[in-house]
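Text of the file structure.pdb, holding PDB, C-alpha atoms:
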ATOM      1  CA  SER G   1     -22.544 -24.365  18.759
ATOM      2  CA  GLY G   2     -22.336 -21.821  15.942
ATOM      3  CA  THR G   3     -19.847 -19.031  15.662
ATOM      4  CA  ASP G   4     -20.170 -15.872  17.706
ATOM      5  CA  GLU G   5     -19.411 -13.305  14.995
ATOM      6  CA  LYS G   6     -20.161 -10.411  17.310
ATOM      7  CA  LYS G   7     -17.505 -11.612  19.739
ATOM      8  CA  ILE G   8     -14.958 -12.112  16.952
ATOM      9  CA  ILE G   9     -15.556  -8.560  15.726
ATOM     10  CA  GLU G  10     -15.318  -7.135  19.234
ATOM     11  CA  VAL G  11     -12.084  -8.903  20.119
ATOM     12  CA  LEU G  12     -10.228  -8.422  16.833
ATOM     13  CA  SER G  13     -11.151  -4.793  16.263
ATOM     14  CA  SER G  14     -10.252  -3.663  19.772
ATOM     15  CA  ARG G  15      -6.770  -5.206  19.848
ATOM     16  CA  THR G  16      -3.515  -4.094  18.283
ATOM     17  CA  SER G  17      -1.823  -6.283  15.740
ATOM     18  CA  GLU G  18       0.710  -7.414  18.363
ATOM     19  CA  GLN G  19      -2.079  -8.379  20.772
ATOM     20  CA  ARG G  20      -3.792 -10.382  18.048
ATOM     21  CA  GLN G  21      -0.555 -12.348  17.600
ATOM     22  CA  GLN G  22      -0.598 -13.131  21.321
ATOM     23  CA  ILE G  23      -4.204 -14.322  21.095
ATOM     24  CA  LYS G  24      -3.180 -16.730  18.317
ATOM     25  CA  GLN G  25      -0.298 -18.117  20.381
ATOM     26  CA  LYS G  26      -2.498 -18.445  23.442
ATOM     27  CA  TYR G  27      -5.167 -20.261  21.424
ATOM     28  CA  LYS G  28      -2.587 -22.694  20.091
ATOM     29  CA  ALA G  29      -1.254 -23.330  23.603
ATOM     30  CA  LEU G  30      -4.715 -23.897  25.072
ATOM     31  CA  PHE G  31      -6.382 -25.924  22.337
ATOM     32  CA  ASN G  32      -3.446 -27.165  20.297
ATOM     33  CA  LYS G  33      -5.173 -25.850  17.167
ATOM     34  CA  ASP G  34      -4.537 -22.953  14.812
ATOM     35  CA  LEU G  35      -7.035 -20.186  15.333
ATOM     36  CA  GLU G  36      -6.905 -19.350  11.609
ATOM     37  CA  GLU G  37      -7.667 -22.909  10.561
ATOM     38  CA  GLU G  38     -10.561 -23.084  13.021
ATOM     39  CA  LEU G  39     -12.062 -19.827  11.791
ATOM     40  CA  LYS G  40     -11.581 -20.784   8.142
ATOM     41  CA  GLY G  41     -13.906 -23.687   8.721
ATOM     42  CA  GLU G  42     -16.508 -21.497  10.430
ATOM     43  CA  LEU G  43     -16.570 -18.293   8.403
ATOM     44  CA  SER G  44     -16.963 -17.419   4.752
ATOM     45  CA  GLY G  45     -16.836 -14.653   2.171
ATOM     46  CA  ASN G  46     -15.456 -11.187   2.793
ATOM     47  CA  PHE G  47     -15.922 -11.479   6.535
ATOM     48  CA  GLU G  48     -13.641 -14.516   6.583
ATOM     49  CA  LYS G  49     -11.053 -12.697   4.453
ATOM     50  CA  ALA G  50     -11.140  -9.711   6.791
ATOM     51  CA  VAL G  51     -10.792 -11.828   9.936
ATOM     52  CA  LEU G  52      -7.849 -13.781   8.495
ATOM     53  CA  ALA G  53      -6.220 -10.544   7.345
ATOM     54  CA  LEU G  54      -6.443  -9.148  10.865
ATOM     55  CA  LEU G  55      -4.815 -12.260  12.304
ATOM     56  CA  ASP G  56      -1.698 -11.581  10.237
ATOM     57  CA  LEU G  57       0.810  -8.871  11.026
ATOM     58  CA  PRO G  58       0.451  -6.181   8.315
ATOM     59  CA  CYS G  59       3.779  -7.240   6.757
ATOM     60  CA  GLU G  60       2.594 -10.862   6.641
ATOM     61  CA  TYR G  61      -0.690  -9.959   5.045
ATOM     62  CA  GLU G  62       1.146  -7.826   2.480
ATOM     63  CA  ALA G  63       3.573 -10.660   1.765
ATOM     64  CA  ARG G  64       0.608 -12.950   1.066
ATOM     65  CA  GLU G  65      -1.004 -10.329  -1.168
ATOM     66  CA  LEU G  66       2.230  -9.905  -3.142
ATOM     67  CA  ARG G  67       2.583 -13.652  -3.587
ATOM     68  CA  LYS G  68      -1.011 -13.840  -4.787
ATOM     69  CA  ALA G  69      -0.306 -11.004  -7.230
ATOM     70  CA  MET G  70       2.559 -12.953  -8.813
ATOM     71  CA  LYS G  71       1.574 -16.598  -8.512
ATOM     72  CA  GLY G  72       0.109 -18.419 -11.493
ATOM     73  CA  ALA G  73      -0.412 -16.956 -14.930
ATOM     74  CA  GLY G  74      -0.350 -13.196 -15.233
ATOM     75  CA  THR G  75       0.759 -10.650 -12.675
ATOM     76  CA  ASP G  76      -1.349  -8.081 -10.851
ATOM     77  CA  GLU G  77       1.008  -5.147 -11.412
ATOM     78  CA  SER G  78      -1.360  -2.632  -9.818
ATOM     79  CA  LEU G  79      -1.200  -4.506  -6.549
ATOM     80  CA  LEU G  80       2.615  -4.707  -6.626
ATOM     81  CA  ILE G  81       2.716  -0.957  -7.224
ATOM     82  CA  GLU G  82       0.178  -0.107  -4.535
ATOM     83  CA  ILE G  83       2.047  -2.050  -1.870
ATOM     84  CA  LEU G  84       5.695  -1.562  -2.822
ATOM     85  CA  CYS G  85       5.593   2.093  -3.868
ATOM     86  CA  THR G  86       3.839   3.323  -0.719
ATOM     87  CA  ARG G  87       5.718   1.651   2.138
ATOM     88  CA  ASN G  88       8.568   3.050   4.204
ATOM     89  CA  ASN G  89      11.950   1.319   4.532
ATOM     90  CA  LYS G  90      11.115  -0.633   7.652
ATOM     91  CA  GLU G  91       7.815  -1.825   6.179
ATOM     92  CA  ILE G  92       9.592  -3.010   3.012
ATOM     93  CA  VAL G  93      12.211  -4.873   5.047
ATOM     94  CA  ASN G  94       9.490  -6.535   7.154
ATOM     95  CA  ILE G  95       7.525  -7.544   4.061
ATOM     96  CA  LYS G  96      10.659  -9.081   2.502
ATOM     97  CA  GLU G  97      11.336 -11.048   5.688
ATOM     98  CA  ALA G  98       7.734 -12.279   5.979
ATOM     99  CA  TYR G  99       7.792 -13.290   2.313
ATOM    100  CA  ARG G 100      10.926 -15.355   2.805
ATOM    101  CA  ARG G 101       9.545 -16.915   5.991
ATOM    102  CA  PHE G 102       6.241 -17.919   4.397
ATOM    103  CA  TYR G 103       7.376 -19.019   0.963
ATOM    104  CA  ASP G 104      11.082 -19.664   1.296
ATOM    105  CA  ARG G 105      11.486 -17.377  -1.700
ATOM    106  CA  ASP G 106      13.153 -14.053  -2.292
ATOM    107  CA  LEU G 107      10.689 -11.238  -2.985
ATOM    108  CA  GLU G 108      13.119  -9.304  -5.160
ATOM    109  CA  SER G 109      13.836 -12.345  -7.359
ATOM    110  CA  ASP G 110      10.123 -12.992  -7.759
ATOM    111  CA  VAL G 111       9.462  -9.360  -8.685
ATOM    112  CA  ARG G 112      12.337  -9.516 -11.183
ATOM    113  CA  SER G 113      10.979 -12.620 -12.838
ATOM    114  CA  ASP G 114       7.368 -11.401 -12.895
ATOM    115  CA  THR G 115       7.922  -7.896 -14.238
ATOM    116  CA  SER G 116      10.159  -6.492 -16.930
ATOM    117  CA  GLY G 117      11.635  -3.335 -18.391
ATOM    118  CA  SER G 118      11.210  -0.008 -16.660
ATOM    119  CA  LEU G 119       8.570  -1.192 -14.216
ATOM    120  CA  GLN G 120      10.915  -3.914 -13.015
ATOM    121  CA  LYS G 121      13.699  -1.352 -12.515
ATOM    122  CA  ILE G 122      11.627   0.979 -10.371
ATOM    123  CA  LEU G 123      10.157  -1.833  -8.242
ATOM    124  CA  VAL G 124      13.588  -3.342  -7.633
ATOM    125  CA  THR G 125      14.919   0.103  -6.667
ATOM    126  CA  VAL G 126      12.036   0.557  -4.231
ATOM    127  CA  LEU G 127      12.722  -2.906  -2.774
ATOM    128  CA  GLU G 128      16.226  -1.786  -1.793
ATOM    129  CA  ALA G 129      14.494   0.153   1.008
ATOM    130  CA  ALA G 130      17.098   2.875   0.756
ATOM    131  CA  ARG G 131      14.943   5.988   0.993
ATOM    132  CA  ASP G 132      16.335   8.847   3.037
ATOM    133  CA  GLU G 133      13.880   9.238   5.916
ATOM    134  CA  THR G 134      15.165  12.454   7.464
ATOM    135  CA  HIS G 135      13.225  15.710   7.217
ATOM    136  CA  HIS G 136      16.155  17.824   6.135
ATOM    137  CA  VAL G 137      15.685  19.626   2.816
ATOM    138  CA  ASN G 138      18.627  20.473   0.583
ATOM    139  CA  ALA G 139      17.413  23.228  -1.765
ATOM    140  CA  GLU G 140      20.420  22.907  -4.056
ATOM    141  CA  LEU G 141      19.870  19.168  -4.479
ATOM    142  CA  ALA G 142      16.176  19.816  -5.162
ATOM    143  CA  GLU G 143      17.085  22.106  -8.072
ATOM    144  CA  GLN G 144      19.723  19.719  -9.326
ATOM    145  CA  ASP G 145      17.287  16.776  -9.215
ATOM    146  CA  ALA G 146      14.534  18.840 -10.827
ATOM    147  CA  THR G 147      16.824  19.807 -13.702
ATOM    148  CA  GLU G 148      17.961  16.238 -14.117
ATOM    149  CA  LEU G 149      14.372  14.978 -14.187
ATOM    150  CA  TYR G 150      13.461  17.665 -16.687
ATOM    151  CA  GLU G 151      16.338  16.680 -18.950
ATOM    152  CA  ALA G 152      15.610  12.986 -18.504
ATOM    153  CA  GLY G 153      11.958  13.439 -19.312
ATOM    154  CA  GLU G 154      11.498  16.044 -21.953
ATOM    155  CA  GLY G 155      12.332  14.661 -25.348
ATOM    156  CA  ARG G 156      14.826  12.057 -24.233
ATOM    157  CA  TRP G 157      12.465   9.850 -22.324
ATOM    158  CA  GLY G 158      13.143   6.161 -22.465
ATOM    159  CA  THR G 159      16.869   6.348 -21.992
ATOM    160  CA  GLU G 160      16.829   8.183 -18.707
ATOM    161  CA  GLU G 161      14.414   6.495 -16.348
ATOM    162  CA  LEU G 162      17.327   5.936 -14.034
ATOM    163  CA  ALA G 163      17.214   9.559 -12.901
ATOM    164  CA  PHE G 164      13.536   9.158 -12.051
ATOM    165  CA  ASN G 165      14.094   5.886 -10.220
ATOM    166  CA  VAL G 166      16.869   7.189  -8.019
ATOM    167  CA  VAL G 167      15.106  10.424  -7.169
ATOM    168  CA  LEU G 168      11.616   8.991  -6.606
ATOM    169  CA  ALA G 169      12.750   5.904  -4.693
ATOM    170  CA  LYS G 170      15.614   7.290  -2.613
ATOM    171  CA  ARG G 171      15.009  10.918  -1.707
ATOM    172  CA  SER G 172      13.077  11.767   1.430
ATOM    173  CA  TYR G 173       9.460  12.856   1.103
ATOM    174  CA  SER G 174      10.357  16.354   2.356
ATOM    175  CA  GLN G 175      13.132  16.550  -0.202
ATOM    176  CA  LEU G 176      10.817  15.368  -2.978
ATOM    177  CA  LYS G 177       8.240  18.055  -2.181
ATOM    178  CA  ALA G 178      10.984  20.651  -2.686
ATOM    179  CA  THR G 179      12.084  18.917  -5.893
ATOM    180  CA  PHE G 180       8.550  18.967  -7.302
ATOM    181  CA  GLN G 181       8.288  22.716  -6.624
ATOM    182  CA  ALA G 182      11.638  23.290  -8.292
ATOM    183  CA  TYR G 183      10.509  21.111 -11.206
ATOM    184  CA  LYS G 184       7.483  23.304 -11.740
ATOM    185  CA  LYS G 185       9.756  26.371 -11.901
ATOM    186  CA  VAL G 186      12.168  24.746 -14.350
ATOM    187  CA  CYS G 187       9.576  23.085 -16.509
ATOM    188  CA  GLY G 188       6.494  25.252 -16.162
ATOM    189  CA  LYS G 189       4.295  22.268 -15.391
ATOM    190  CA  ASP G 190       3.685  19.779 -12.618
ATOM    191  CA  ILE G 191       5.796  16.656 -12.536
ATOM    192  CA  GLU G 192       2.594  14.579 -12.777
ATOM    193  CA  GLU G 193       1.794  16.189 -16.131
ATOM    194  CA  SER G 194       5.226  15.304 -17.480
ATOM    195  CA  ILE G 195       4.956  11.743 -16.217
ATOM    196  CA  LYS G 196       1.534  11.385 -17.862
ATOM    197  CA  SER G 197       2.720  12.740 -21.178
ATOM    198  CA  GLU G 198       5.975  10.782 -21.250
ATOM    199  CA  THR G 199       5.044   7.371 -19.844
ATOM    200  CA  SER G 200       2.053   5.081 -19.868
ATOM    201  CA  GLY G 201       0.649   1.944 -18.311
ATOM    202  CA  ASP G 202       2.209   0.427 -15.221
ATOM    203  CA  LEU G 203       5.321   2.601 -15.269
ATOM    204  CA  GLU G 204       3.150   5.712 -15.260
ATOM    205  CA  LYS G 205       1.136   4.250 -12.393
ATOM    206  CA  ALA G 206       4.276   3.465 -10.374
ATOM    207  CA  TYR G 207       5.768   6.949 -10.850
ATOM    208  CA  LEU G 208       2.474   8.697 -10.066
ATOM    209  CA  THR G 209       2.051   6.560  -6.940
ATOM    210  CA  LEU G 210       5.532   7.510  -5.719
ATOM    211  CA  VAL G 211       4.865  11.196  -6.411
ATOM    212  CA  SER G 212       1.492  11.149  -4.764
ATOM    213  CA  CYS G 213       2.801   9.392  -1.661
ATOM    214  CA  ALA G 214       5.605  11.896  -1.323
ATOM    215  CA  LYS G 215       3.116  14.744  -1.547
ATOM    216  CA  ASP G 216       0.277  13.316   0.517
ATOM    217  CA  CYS G 217       0.171   9.612   1.363
ATOM    218  CA  PRO G 218      -3.116   9.740   3.316
ATOM    219  CA  GLY G 219      -4.627  11.501   0.290
ATOM    220  CA  TYR G 220      -3.360   8.733  -1.980
ATOM    221  CA  PHE G 221      -5.099   6.081   0.140
ATOM    222  CA  ALA G 222      -8.257   8.186   0.521
ATOM    223  CA  THR G 223      -8.489   8.364  -3.285
ATOM    224  CA  LEU G 224      -8.011   4.594  -3.608
ATOM    225  CA  LEU G 225     -10.703   3.982  -1.011
ATOM    226  CA  GLN G 226     -13.119   6.273  -2.816
ATOM    227  CA  LYS G 227     -12.392   4.472  -6.108
ATOM    228  CA  SER G 228     -12.964   1.102  -4.467
ATOM    229  CA  MET G 229     -16.459   2.177  -3.429
ATOM    230  CA  LYS G 230     -17.764   4.375  -6.193
ATOM    231  CA  GLY G 231     -19.888   3.222  -9.100
ATOM    232  CA  CYS G 232     -21.646  -0.098  -9.120
ATOM    233  CA  GLY G 233     -20.026  -2.886  -7.193
ATOM    234  CA  THR G 234     -17.481  -2.469  -4.450
ATOM    235  CA  ASP G 235     -13.872  -3.590  -4.693
ATOM    236  CA  GLU G 236     -13.888  -5.245  -1.271
ATOM    237  CA  GLU G 237     -10.319  -6.508  -1.587
ATOM    238  CA  THR G 238      -8.860  -3.005  -1.896
ATOM    239  CA  LEU G 239     -11.132  -1.644   0.805
ATOM    240  CA  LEU G 240     -10.116  -4.410   3.172
ATOM    241  CA  ARG G 241      -6.420  -4.238   2.312
ATOM    242  CA  ILE G 242      -6.132  -0.534   3.033
ATOM    243  CA  LEU G 243      -8.168  -0.562   6.248
ATOM    244  CA  VAL G 244      -6.284  -3.554   7.632
ATOM    245  CA  THR G 245      -2.754  -2.586   6.639
ATOM    246  CA  ARG G 246      -3.040   1.097   7.536
ATOM    247  CA  SER G 247      -5.057   0.658  10.716
ATOM    248  CA  GLU G 248      -2.018   1.073  12.936
ATOM    249  CA  SER G 249      -0.106   3.602  10.893
ATOM    250  CA  ASP G 250      -1.920   6.420   9.139
ATOM    251  CA  LEU G 251      -5.595   5.424   9.232
ATOM    252  CA  PRO G 252      -6.575   8.478  11.339
ATOM    253  CA  ALA G 253      -4.917  10.750   8.757
ATOM    254  CA  ILE G 254      -6.577   8.841   5.899
ATOM    255  CA  LYS G 255      -9.988   9.285   7.569
ATOM    256  CA  GLU G 256      -9.357  13.007   7.900
ATOM    257  CA  ARG G 257      -8.276  13.394   4.255
ATOM    258  CA  PHE G 258     -11.251  11.342   3.074
ATOM    259  CA  GLN G 259     -13.616  13.656   4.932
ATOM    260  CA  GLN G 260     -11.928  16.762   3.446
ATOM    261  CA  MET G 261     -11.859  15.382  -0.082
ATOM    262  CA  TYR G 262     -15.304  13.781  -0.310
ATOM    263  CA  LYS G 263     -17.329  15.734   2.265
ATOM    264  CA  LYS G 264     -18.458  12.581   4.034
ATOM    265  CA  SER G 265     -16.839  10.338   6.599
ATOM    266  CA  LEU G 266     -15.061   7.168   5.549
ATOM    267  CA  ALA G 267     -17.344   5.269   7.941
ATOM    268  CA  GLU G 268     -20.442   6.602   6.129
ATOM    269  CA  ALA G 269     -19.018   5.525   2.786
ATOM    270  CA  VAL G 270     -18.161   2.062   4.119
ATOM    271  CA  ARG G 271     -21.549   1.725   5.766
ATOM    272  CA  SER G 272     -23.432   2.412   2.557
ATOM    273  CA  ASP G 273     -21.189   0.186   0.420
ATOM    274  CA  THR G 274     -20.823  -2.983   2.483
ATOM    275  CA  SER G 275     -23.119  -5.257   4.439
ATOM    276  CA  GLY G 276     -23.358  -7.919   7.115
ATOM    277  CA  ASP G 277     -20.530  -8.916   9.437
ATOM    278  CA  PHE G 278     -17.964  -7.620   6.943
ATOM    279  CA  ARG G 279     -19.470  -4.147   7.319
ATOM    280  CA  LYS G 280     -19.597  -4.460  11.114
ATOM    281  CA  LEU G 281     -15.941  -5.444  11.306
ATOM    282  CA  LEU G 282     -14.756  -2.624   9.011
ATOM    283  CA  LEU G 283     -16.808  -0.070  10.929
ATOM    284  CA  ALA G 284     -15.331  -1.347  14.189
ATOM    285  CA  LEU G 285     -11.831  -0.835  12.731
ATOM    286  CA  LEU G 286     -12.798   2.728  11.820
ATOM    287  CA  GLN G 287     -13.895   3.580  15.382
TER     288      GLN G 287
END

Spell out the structure here as structure tokens.
Amino acid sequence: SGTDEKKIIEVLSSRTSEQRQQIKQKYKALFNKDLEEELKGELSGNFEKAVLALLDLPCEYEARELRKAMKGAGTDESLLIEILCTRNNKEIVNIKEAYRRFYDRDLESDVRSDTSGSLQKILVTVLEAARDETHHVNAELAEQDATELYEAGEGRWGTEELAFNVVLAKRSYSQLKATFQAYKKVCGKDIEESIKSETSGDLEKAYLTLVSCAKDCPGYFATLLQKSMKGCGTDEETLLRILVTRSESDLPAIKERFQQMYKKSLAEAVRSDTSGDFRKLLLALLQ
């Protein structure tokens, strides 16, 4: 009978995540089979990955990605950072619940056992999902935080990451923007510069991700998308992960930032860097 890829693309790309869940339930009720299992047998490659990703709720897909990042030998720290340091409280809570449901394991315990030192501390703090999500800005607190970060960073780095963790993981994005401005006044340089000169490796990446999301989250994802497509070879996993997980939150804003930053549309970039049904499905998501 063959698989009707065109139909799959049409149906999946035009439905919300919730509606796709209903399709799965309906399929199970009608045919007594799992839609995912059926499609796994029929599809392959990146197209298969994309279709299966769309059949998960974003939090479920992210839970699977996190498990993959930690399972087996070695840990994909970049992936932990990209997911955990960019999500809001509700998203973090949903990911933790999906992770427990799928694997009967605690995400925080797994992160603790798979990371160490300062990176572990910041990821565990982020996993508390305790960020202030109001838009109120307290100018006094911004100056106080900026001074504390300055003192923690300059010269005494290593003992004082706690200040960074609390501020970057718990203050609201509006508050952080004010803090970064105050930091520049106190310190005479951008907070990113200080982070780069005082930390390295995964910790640096985690802090810079938190800063960049506070300043401009769509810009952060636009940059990642550009990186996933430039040069030879495309990082399809990253491309897919961002388009699927952001498609119902800030994808329109990401598309806009991408256009501003790279003077071409995200769809054009995707079109020239992918092929086949995978390309068709991604372009349909970008409609």

Each residue of range 111-193 of chain G with at least one atom at most 10 Å from range 67-78 of chain G should appear once, together with its nearest atom pair and the corresponding distance in Å (one decimal); atoms considered: all atoms listed in the file; ordering: chain, then increasing residue number; output as JSON lines.
{"residue": "G:Val111", "atom": "CA", "partner": "G:Met70", "partner_atom": "CA", "distance": 7.8}
{"residue": "G:Ser113", "atom": "CA", "partner": "G:Met70", "partner_atom": "CA", "distance": 9.3}
{"residue": "G:Asp114", "atom": "CA", "partner": "G:Met70", "partner_atom": "CA", "distance": 6.5}
{"residue": "G:Thr115", "atom": "CA", "partner": "G:Thr75", "partner_atom": "CA", "distance": 7.8}
{"residue": "G:Leu119", "atom": "CA", "partner": "G:Glu77", "partner_atom": "CA", "distance": 9.0}

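By all atoms listed in the file, and with residues fewer than 5 positions from Leu127 in chain G along its chain excluded, the set lying at most 10 Å from it is Leu84, Cys85, Arg87, Asn89, Ile92, Val93, Ile95, Lys96, Leu107, Glu108, Val111, Lys121, Ile122 and Ala169 of chain G.
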
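Of the residues listed (G:Ser14, G:Ser272, G:Leu286, G:Leu239), G:Leu286 shows the shortest atom-to-atom separation from Leu251 in chain G; distances use all atoms listed in the file.
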
Apply the PyMOL selection byres ((chain G and resi 194-199) around 9) to the structure shown and report the selected residues as a VMD selection string.
chain G and resid 150 153 to 155 157 to 158 187 189 to 193 200 to 205 207 to 208

Determine the nearest neighbour of Asp110 in chain G from the options G:Leu57, G:Ala142, G:Leu210, G:Leu66, counting all atoms listed in the file.
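Nearest candidate to Asp110 in chain G out of G:Leu57, G:Ala142, G:Leu210, G:Leu66: G:Leu66.
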
The PyMOL selection byres ((chain G and resi 170-182) around 6) on the file shown: which residues, as a list in words?
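Evaluating the PyMOL selection byres ((chain G and resi 170-182) around 6) on this file yields Ala130, Arg131, Asp132, Glu133, His135, Val137, Ala142, Glu143, Ala146, Val166, Val167, Leu168, Ala169, Tyr183, Lys184, Lys185 and Ala214 of chain G.
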
Contacts of range 240-245 of chain G at 9 Å (all atoms listed in the file; same-chain gap of 4+ positions) as a list of chain:residue names:
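The residues that qualify are G:Asn46, G:Lys49, G:Ala50, G:Ala53, G:Leu54, G:Leu57, G:Pro58, G:Cys59, G:Tyr61, G:Glu62, G:Glu65, G:Phe221, G:Leu224, G:Leu225, G:Asp235, G:Glu236, G:Ser249, G:Leu251, G:Leu282, G:Leu285, G:Leu286.
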
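CA of Lys255 in chain G to CA of Lys6 in chain G spans 24.2 Å [interatomic distance, one decimal].
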
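Those residues returned by the PyMOL selection byres ((chain G and resi 259) around 12) for this file are Pro218, Gly219, Ala222, Thr223, Leu225, Gln226, Pro252, Ala253, Ile254, Lys255, Glu256, Arg257, Phe258, Gln260, Met261, Tyr262, Lys263, Lys264, Ser265, Leu266, Ala267, Glu268 and Ala269 of chain G.
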
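Closest approach to Ser17 in chain G from the set G:Lys40, G:Leu30, G:Leu123, G:Leu55 is made by G:Leu55, with distances taken over only C-alpha atoms.
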
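Of note, CA of Leu149 in chain G and CA of Ser118 in chain G are spaced 15.5 Å apart.
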
Would you work out the distance separating CA of Ala206 in chain G from CA of Phe164 in chain G, expressed in Å to one decimal?
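That distance, rounded to one decimal, is 11.0 Å.
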
Need the axis-aligned box for range 99-103 of chain G with 6 Å each side, so what are the centre and edges in Å to one decimal, as JSON?
{"center_x": 8.6, "center_y": -16.2, "center_z": 3.5, "size_x": 16.7, "size_y": 17.7, "size_z": 17.0}

Write out as a PDB file with C-alpha atoms, in the coordinates of the input each polymer residue whose atoms come within 12 Å of Ile8 in chain G, counting all atoms listed in the file; drop sequence neighbours fewer than 5 positions from it.
ATOM      1  CA  THR G   3     -19.847 -19.031  15.662  1.00  0.00           C
ATOM      2  CA  SER G  13     -11.151  -4.793  16.263  1.00  0.00           C
ATOM      3  CA  SER G  14     -10.252  -3.663  19.772  1.00  0.00           C
ATOM      4  CA  ARG G  15      -6.770  -5.206  19.848  1.00  0.00           C
ATOM      5  CA  ARG G  20      -3.792 -10.382  18.048  1.00  0.00           C
ATOM      6  CA  ILE G  23      -4.204 -14.322  21.095  1.00  0.00           C
ATOM      7  CA  LEU G  35      -7.035 -20.186  15.333  1.00  0.00           C
ATOM      8  CA  LEU G  39     -12.062 -19.827  11.791  1.00  0.00           C
ATOM      9  CA  GLU G  42     -16.508 -21.497  10.430  1.00  0.00           C
ATOM     10  CA  LEU G  43     -16.570 -18.293   8.403  1.00  0.00           C
ATOM     11  CA  PHE G  47     -15.922 -11.479   6.535  1.00  0.00           C
ATOM     12  CA  GLU G  48     -13.641 -14.516   6.583  1.00  0.00           C
ATOM     13  CA  ALA G  50     -11.140  -9.711   6.791  1.00  0.00           C
ATOM     14  CA  VAL G  51     -10.792 -11.828   9.936  1.00  0.00           C
ATOM     15  CA  LEU G  52      -7.849 -13.781   8.495  1.00  0.00           C
ATOM     16  CA  LEU G  54      -6.443  -9.148  10.865  1.00  0.00           C
ATOM     17  CA  LEU G  55      -4.815 -12.260  12.304  1.00  0.00           C
ATOM     18  CA  ASP G 277     -20.530  -8.916   9.437  1.00  0.00           C
ATOM     19  CA  PHE G 278     -17.964  -7.620   6.943  1.00  0.00           C
ATOM     20  CA  LYS G 280     -19.597  -4.460  11.114  1.00  0.00           C
ATOM     21  CA  LEU G 281     -15.941  -5.444  11.306  1.00  0.00           C
ATOM     22  CA  ALA G 284     -15.331  -1.347  14.189  1.00  0.00           C
TER      23      ALA G 284
END
